[in-house]
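Peer 1: The structure under discussion is supplied below as structure tokens; questions concerning it will follow.
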Amino acid sequence: MNHVAGSSMPLWSGANWTEPLIRATYGEIEKIALGEFGLNVYPNQIEIITSEQMLDRYTSNGMPFMYRHWSFGKEFARLEKAYSKGLMGLAYEIVINTNPCIVHLMEENTMTMQALVIAHAGFGHNHFFKNNELFKQWTDAGSILGYLAFARDYVAKCEEQYGPKKVEQVLDSAHALQYLGVDRATRPRRRNLIEEKKRQEARMEEAARSYNDLWEKTLPARKSSAVEEERDKRRKRLGLPEENILYFVEKHAPKMEPWQREIVRIVRVIAQYFYPQRQTKVTNEGCATFVHHEIMNRLNEKKLLPEGSMFEFLQSHTNVVHQPGFSEPGFNGINPYALGFAMMRDIQRITTEPTEEDRIWFREFAGKGDPWGVLRHAWAEFRDESFILQFLSPKVIRDLKLFSIYDSAENINLLVDAIHDERGYRKIRRLVAAQYDIAENDPDIKVEDVDLAGDRTLTLHHVVSHGVRLDATSVKKTLKHLASLWGYGVQLNEVDKDGNVLGDYHAG
Amino acid sequence: MEIRDKRGATGASIPNRMRFMKKAKEHIRRVVDEGLDGEKIITNPSGSREVSIPTDGIDEPFIRKSDQGGDRHRIFPGNEDFVAGDHIARPQGGGGQGSGDRAGHGDSADSFRFIISREEFEDLFFEDCALPNLSRQSAGDSELFSLHRAGFSKTGSPSQLDRVRTMRQSLGRRIALGRPKIEDIEALEEAIAEELAKNGETELVKVLREQLEQLKFRYALIPFIEPDHDVRYRRFERTPRPITRAVMFCLMDVSGSMSEEMKRIAKRFFYLLSRFLRGRYKHVDVVFIRHTDKAEEVDEETFFHSEESGGTAVSTGLEKLRNVIHERYSTEWNVYVAQASDGDNDAEDTPDVMKLMTEILPLLQYYAYIEVGEKQAPSGLWIAYKNIADERFAMQEVELPEDVVRVFYKLFRRTDAQRKEMV
């Protein structure tokens with residue numbers, strides 16, 4: 001059963017997979033990925049699972065275990081419905097940044113699909129996770145599994161001690177704020193499991209003494225200049241403005257129990273862990289899709305694929321990278337698989353067969369060969385926004401026929417302000433990049449102040465950019481959750497860049 | 001590389017799913033309680049088998065930007081014939097035509113509607129309902145009994161006399177009271193005869209004779225069987241045998257004064273009650289009786305959809321009802337009656353109605369009367385019915401179709417006592 005490169009004997013025949021076949025195929029894929037493409041991956045751990053288990057993994061965002069919460073049950077119900085009605089096929093894989101990297105193979109897959117998943121997740125995503133700067137900096141693949149186990153056990157313990165209802169309330173509220181629970185600019189300190197436990201124990205001990213500067217340092221109101229001075233001092237002491245709302249709540253909410261703070265922290269840590277994922281959809285999926293595409297082609301070239309296998313693969317691959325036009329049925333925005341894959345193939349083309357246009361646009365690498373070198377660099381150093389800004393070529397813009405619509409509340413009509421032509425390329429490139437700029441697209445909300453002398457109202461500011469206000473319903477519902485964590489009133493002001501208040505919400 | 005076969009470990013999501021189901025249940029019950037859409041869901045018999053529930057109570061909110069207002073750019077693929085500078089009419093509903101990034105997370109969660117089967121829904125819907133005021137006769141009980149041996153009693157019919165038990169009682173009593181045995185008496189008589197034959201009338205014979213007299217006296221005094229004390233009969237207890245069949249009578253006034261709207265209200269109520277009963281009995285018959293100033297039994301289609309004209313005499317309907325019960329449902333059936341009327345009844349008919357009601361009520365489990373339509377003053381029938389003091393009878397007014405569920409809940413809400421019983 002030993003296959004050497006150049007062997008003309010297919011690795012398998014028919015659709016059925018067996019464990020030895022998976023091992024043999026994995027070996028061949030590994031040879032190509034590491035040897036020929038120069039990828040660098042965490043060890044893979046392949047798990048054979050059922051489709052139901054796959055749905056399980058979906059509901060917890062790919063995490064192999066998770067604390068219990070009804071929302072995961074809801075997600076399961078939703079997915080199961082979509083899946084059983086055939087509205088949704090299960091994706092190849094669901095994989096998160098762990099070491100070892102867990103690759104899920106569904107039992108009903110054909111052998112061709114198993115090979116595809118191994119290539120896609122086990123080498124594509126895996127390489128991206130291990131090498132991308134964002135993941136290296138913000139997440140710790142080695143300790144996440146330990147942390148998740150800690151979180152699961154801790155939440156279960158709290159349920160036992162304080163009752164599921166109380167725990168659920170904290171989780172509900174913390175979940176509502178999870179997108180406001182990430183540090184965007186500062187890099188979190190790395191923490192391992194032991195430290196995590198220690199820190200949590202220390203917190204419990206500290207609780208007995210329970211010193212809270214929100215309570216201790218309240219001062220009576222003074223004259224206006226003194227009030228302002230006091231306000232500045234207070235803001236400085238509390239580290240305001242603070243963009244990580246959950247962090248602020250965890251540290252400063254006056255009435256929370258220590259265990260409640262810990263749960264808020266768990267939600268925050270997990271949200272932070274997924275933050276890089278949200279910023280690298282196009283790059284990460286593009287990388288995985290490109291890698292599986294190249295690997296399957298190499299297997300085919302080496303005559304290691306049985307007859308029909310390549311056809312099955314291409315059919316599946318084509319579905320994944322399909323990009324319906326805006327007016328076509330099934331259109332649901334830009335497909336990150338399609339955009340990522342198209343851009344990476346284009347980079348490959350530019351390095352080897354550049355046109356005049358490419359030489360102008362991509363002087364540094366056009367025609368210089370070494371597509372894998374350029375791609376590995378792109379996968380390591382970029383996130384979606386910067387990657388698109390750097391690499392989206394006129395050819396891809398033309399192929400996808402991208403165009404830009406300007407929508408201003410002041411105009412009756414929409415304006416087509418750029419299309420895939422000479423005048424439009426740069427603008428479109430900038431706008432596509434902006435569309436993937438999470439920091440720009442997530443609402444800019446910060447904790448601004450706490451009324452220490454008065455009723456302890458927590459004040460948040462949303463800085464409105466481009467006149468886009470918040471969705472009122474979503475604010476009202478979410479603020480209720482924030483107020484329940486904070487324990488006192490919560491105020492959210494929408495302000496423009498000059499600090500003028502455009503609107504406000506109050507809860508609690 | 002390591003391969004692990006994890007296929008055995010299924011069901012990891014079950015606790016989460018159960019939590020969700022529980023939460024959803026609470027939510028659904030709230031929705032129903034508040035009367036939101038509830039009756040549309042259940043009284044729409046032609047509807048699908050699945051019921052979808054809006055997810056307001058089980059959504060997961062997060063703050064997001066509005067998809068309207070302000071200045072924004074959106075990039076779309078697949079341009080056909082736009083050129084830069086073209087103006088396009090804004091699509092209806094503002095600018096929210098599913099743009100790239102924003103369409104992902106929140107929207108899909110919001111548009112999620114929770115689907116449960118009709119059966120599941122009905123379970124939830126009726127969970128807090130009970131057949132009212134009928135602790136002895138509620139569903140599952142009945143006036144039919146079967147006999148079971150249950151120990152012994154001092155009274156009973158001769159055919160049930162238990163000899164063994166009776167003799168045992170007798171023996172115990174005889175020992176306790178010291179009734180002489182017949183052998184002792186005989187032995188004493190022999191001894192006396194022997195002494196007489198040997199020595200003639202001695203002192204000893206005298207003493208023995210006295211002893212014998214005493215024994216005989218006691219023997220006669222203490223009976224072998226003391227009827228009041230010893231006799232035991234096998235005792236039987238009557239245990240109720242559940243009746244798993246129920247019949248529901250839908251009684252409706254179809255005279256000219258009943259409008260289509262009123263009929264719709266009645267139909268909803270009948271439907272709810274039939275679903276409720278079907279959930280509680282294995283077999284439910286439904287009998288439709290309509291009346292004007294004469295009554296007839298009809299099928300469902302005719303019941304709701306055909307026009308009749310004439311006066312109104314509720315007694316004709318009740319008479320028909322009584323006859324059908326006697327003919328077909330007198331034993332082994334739980335009988336429920338739901339009557340709907342606008343309350344306009346011929347005044348002369350009222351005494352007959354009341355007489356029939358006293359006759360009918362003992363035959364059945366429950367009689368619910370709903371008076372439909374808007375009212376300025378209480379109707380004749382309402383006033384008459386008000387005098388019925390029987391726990392099997394209840395009545396409510398329903399003005400609008402939307403009120404049906406609330407009224408149904410009022411009639412069938414589990415009482416606190418019943419709730420305690422369940423615990």
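Chain labels A, B, ... are given in the sequence in which chains occur in the structure tokens; within each chain residues are numbered consecutively from 1, and ligands are likewise numbered from 1 in the order shown.
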What are the residues of chain A lining chain B at 7 Å or less? Count only C-alpha atoms, and put the answer as an MDAnalysis selection string.

Peer 2: chainID A and resid 43:50 53 56 68:74 176:177 325:326 332:334 400:409 413:419 432 435 443 466:471 474:475 477:478

Peer 1: Skipping near chain neighbours, those fewer than 2 positions away, what residues fall within 9 Å of region 379-396 of chain B using only C-alpha atoms, listed as a VMD selection string?

Peer 2: chain B and resid 132 to 134 314 341 to 347 350 to 351 353 to 354 357 to 358 361 to 362 364 to 372 375 to 377 398 407 to 408 410 to 411

Peer 1: Of the candidates A:Val103, A:Pro306, A:Ala342, A:Asp455, which one gets nearest to Gln323 (chain A) if we count only C-alpha atoms?

Peer 2: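 Residue with the minimum atom-to-atom distance to Gln323 (chain A): A:Ala342.
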
Peer 1: Find the spatial neighbours of region 190-193 of chain B, counting only C-alpha atoms, within a cut-off of 8 Å - ignore same-chain residues fewer than 5 positions away - and output them as a list in words.

Peer 2: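 The neighbour list is Val205, Leu208 and Arg209 of chain B.
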
Peer 1: Can you tell me how far CA of Arg349 (chain A) sits from CA of Thr112 (chain A), in Å to one decimal?

Peer 2: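 Distance between the two atoms: 26.8 Å.
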
Peer 1: Go through A:Pro241, A:Gly181, A:Pro258, A:Pro64 and flag the residue nearest Tyr162 (chain A), using only C-alpha atoms for the distances.

Peer 2: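 Comparing A:Pro241, A:Gly181, A:Pro258, A:Pro64 against Tyr162 (chain A), the winner is A:Pro258.
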
Peer 1: Could you work out how far CA of Asn493 (chain A) lies from CA of Thr473 (chain A), giving the answer in Å with one decimal?

Peer 2: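 The value is 14.8 Å.
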
Peer 1: Do you know which residues are at most 10 Å from region 356-359 of chain A counting only C-alpha atoms, after dropping those on the same chain fewer than 3 positions away, and could you put them as JSON, numbers by chain?

Peer 2: {"A": [346, 347, 349, 350, 351, 353, 362, 363, 364, 365, 366, 367, 393, 394, 395]}

Peer 1: So that I can see what lies close to Glu301 (chain B), please list as a ChimeraX atom specification the residues with an atom at most 12 Å from it, counting only C-alpha atoms and leaving out residues fewer than 5 positions away in the same chain.

Peer 2: /B:267,288-290,306-307

Peer 1: If we count only C-alpha atoms, what is near region 194-196 of chain B at a cut-off of 12 Å, once residues fewer than 5 positions away on the same chain are taken out, given as JSON, numbers by chain?

Peer 2: {"B": [187, 188, 189, 201, 202, 203, 204, 205, 206, 207, 208, 209]}

Peer 1: Those residues with N, CA and C atoms, as a PDB file, in the first residue's frame please?

Peer 2:
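The new file selection.pdb reads:
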```
ATOM      1  N   ALA B 187     -66.372 -37.142  78.631  1.00  0.00           N
ATOM      2  CA  ALA B 187     -65.431 -37.814  79.543  1.00  0.00           C
ATOM      3  C   ALA B 187     -65.986 -37.787  80.977  1.00  0.00           C
ATOM      4  N   LEU B 188     -66.555 -36.618  81.345  1.00  0.00           N
ATOM      5  CA  LEU B 188     -67.102 -36.472  82.686  1.00  0.00           C
ATOM      6  C   LEU B 188     -68.306 -37.410  82.886  1.00  0.00           C
ATOM      7  N   GLU B 189     -69.141 -37.478  81.856  1.00  0.00           N
ATOM      8  CA  GLU B 189     -70.308 -38.362  81.940  1.00  0.00           C
ATOM      9  C   GLU B 189     -69.879 -39.812  82.112  1.00  0.00           C
ATOM     10  N   GLU B 201     -74.037 -44.304  94.584  1.00  0.00           N
ATOM     11  CA  GLU B 201     -74.131 -42.861  94.791  1.00  0.00           C
ATOM     12  C   GLU B 201     -73.158 -42.397  95.850  1.00  0.00           C
ATOM     13  N   THR B 202     -71.986 -42.008  95.489  1.00  0.00           N
ATOM     14  CA  THR B 202     -71.020 -41.529  96.470  1.00  0.00           C
ATOM     15  C   THR B 202     -70.978 -40.012  96.449  1.00  0.00           C
ATOM     16  N   GLU B 203     -70.192 -39.437  97.336  1.00  0.00           N
ATOM     17  CA  GLU B 203     -69.970 -37.995  97.351  1.00  0.00           C
ATOM     18  C   GLU B 203     -69.312 -37.536  96.057  1.00  0.00           C
ATOM     19  N   LEU B 204     -68.403 -38.401  95.637  1.00  0.00           N
ATOM     20  CA  LEU B 204     -67.674 -38.064  94.424  1.00  0.00           C
ATOM     21  C   LEU B 204     -68.620 -37.873  93.247  1.00  0.00           C
ATOM     22  N   VAL B 205     -69.566 -38.780  93.112  1.00  0.00           N
ATOM     23  CA  VAL B 205     -70.535 -38.669  92.017  1.00  0.00           C
ATOM     24  C   VAL B 205     -71.266 -37.336  92.093  1.00  0.00           C
ATOM     25  N   LYS B 206     -71.579 -36.945  93.277  1.00  0.00           N
ATOM     26  CA  LYS B 206     -72.277 -35.672  93.472  1.00  0.00           C
ATOM     27  C   LYS B 206     -71.466 -34.506  92.941  1.00  0.00           C
ATOM     28  N   VAL B 207     -70.184 -34.535  93.359  1.00  0.00           N
ATOM     29  CA  VAL B 207     -69.301 -33.441  92.919  1.00  0.00           C
ATOM     30  C   VAL B 207     -69.174 -33.435  91.399  1.00  0.00           C
ATOM     31  N   LEU B 208     -68.963 -34.645  90.885  1.00  0.00           N
ATOM     32  CA  LEU B 208     -68.804 -34.721  89.441  1.00  0.00           C
ATOM     33  C   LEU B 208     -70.061 -34.251  88.719  1.00  0.00           C
ATOM     34  N   ARG B 209     -71.209 -34.642  89.266  1.00  0.00           N
ATOM     35  CA  ARG B 209     -72.469 -34.216  88.653  1.00  0.00           C
ATOM     36  C   ARG B 209     -72.579 -32.699  88.622  1.00  0.00           C
TER      37      ARG B 209
END
```

Peer 1: Could you write out, as a PyMOL selection string, all the residues of region 398-475 of chain A that DSSP marks as strand (DSSP E)?

Peer 2: chain A and resi 403-408+413-418+445-450+458-463

Peer 1: Can you check which residues of region 91-132 of chain A DSSP gives as helix (DSSP H, G or I) on the backbone and send them as a list in words?

Peer 2: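 Residues meeting the helix (DSSP H, G or I) criterion: Met111, Thr112, Met113, Gln114, Ala115, Leu116, Val117, Ile118, Ala119, His120, Ala121, Gly122, Phe123, Gly124, His125, Asn126, His127, Phe128, Phe129, Lys130 and Asn131 of chain A.
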
Peer 1: Keeping only N, CA and C atoms, take the residues you just selected and write them out as a short mmCIF file (atom, residue, chain, number, x, y, z; two decimals), in the first residue's frame.

Peer 2:
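To be explicit, this is the file written out as selection_17.cif:
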```
data_model
loop_
_atom_site.label_atom_id
_atom_site.label_comp_id
_atom_site.auth_asym_id
_atom_site.auth_seq_id
_atom_site.Cartn_x
_atom_site.Cartn_y
_atom_site.Cartn_z
N MET A 111 -15.01 8.94 -0.04
CA MET A 111 -13.57 9.04 0.16
C MET A 111 -13.02 10.31 -0.50
N THR A 112 -13.61 10.66 -1.62
CA THR A 112 -13.15 11.90 -2.28
C THR A 112 -13.37 13.10 -1.37
N MET A 113 -14.55 13.14 -0.76
CA MET A 113 -14.85 14.25 0.13
C MET A 113 -13.93 14.26 1.35
N GLN A 114 -13.62 13.07 1.86
CA GLN A 114 -12.72 13.02 3.01
C GLN A 114 -11.36 13.61 2.63
N ALA A 115 -10.88 13.26 1.43
CA ALA A 115 -9.60 13.81 0.99
C ALA A 115 -9.69 15.33 0.89
N LEU A 116 -10.81 15.79 0.34
CA LEU A 116 -11.02 17.23 0.18
C LEU A 116 -11.02 17.94 1.54
N VAL A 117 -11.71 17.35 2.51
CA VAL A 117 -11.78 17.98 3.84
C VAL A 117 -10.41 18.01 4.50
N ILE A 118 -9.68 16.90 4.36
CA ILE A 118 -8.34 16.88 4.95
C ILE A 118 -7.48 17.99 4.35
N ALA A 119 -7.58 18.14 3.04
CA ALA A 119 -6.78 19.17 2.38
C ALA A 119 -7.23 20.56 2.81
N HIS A 120 -8.54 20.74 2.86
CA HIS A 120 -9.12 22.05 3.13
C HIS A 120 -8.87 22.49 4.58
N ALA A 121 -9.28 21.64 5.51
CA ALA A 121 -9.19 22.03 6.92
C ALA A 121 -7.82 21.69 7.50
N GLY A 122 -7.40 20.46 7.27
CA GLY A 122 -6.18 19.98 7.91
C GLY A 122 -4.91 20.66 7.42
N PHE A 123 -4.97 21.19 6.19
CA PHE A 123 -3.79 21.89 5.69
C PHE A 123 -4.05 23.35 5.35
N GLY A 124 -5.21 23.64 4.75
CA GLY A 124 -5.52 25.03 4.42
C GLY A 124 -5.75 25.88 5.65
N HIS A 125 -6.84 25.62 6.35
CA HIS A 125 -7.14 26.41 7.56
C HIS A 125 -6.03 26.28 8.59
N ASN A 126 -5.56 25.07 8.75
CA ASN A 126 -4.53 24.80 9.75
C ASN A 126 -3.30 25.68 9.51
N HIS A 127 -2.88 25.76 8.27
CA HIS A 127 -1.73 26.61 7.95
C HIS A 127 -2.04 28.07 8.27
N PHE A 128 -3.23 28.48 7.91
CA PHE A 128 -3.60 29.87 8.13
C PHE A 128 -3.59 30.21 9.63
N PHE A 129 -4.22 29.33 10.42
CA PHE A 129 -4.26 29.56 11.87
C PHE A 129 -2.85 29.66 12.45
N LYS A 130 -2.01 28.75 12.01
CA LYS A 130 -0.70 28.69 12.64
C LYS A 130 0.18 29.86 12.23
N ASN A 131 -0.08 30.44 11.05
CA ASN A 131 0.87 31.43 10.55
C ASN A 131 0.35 32.85 10.51
#
```
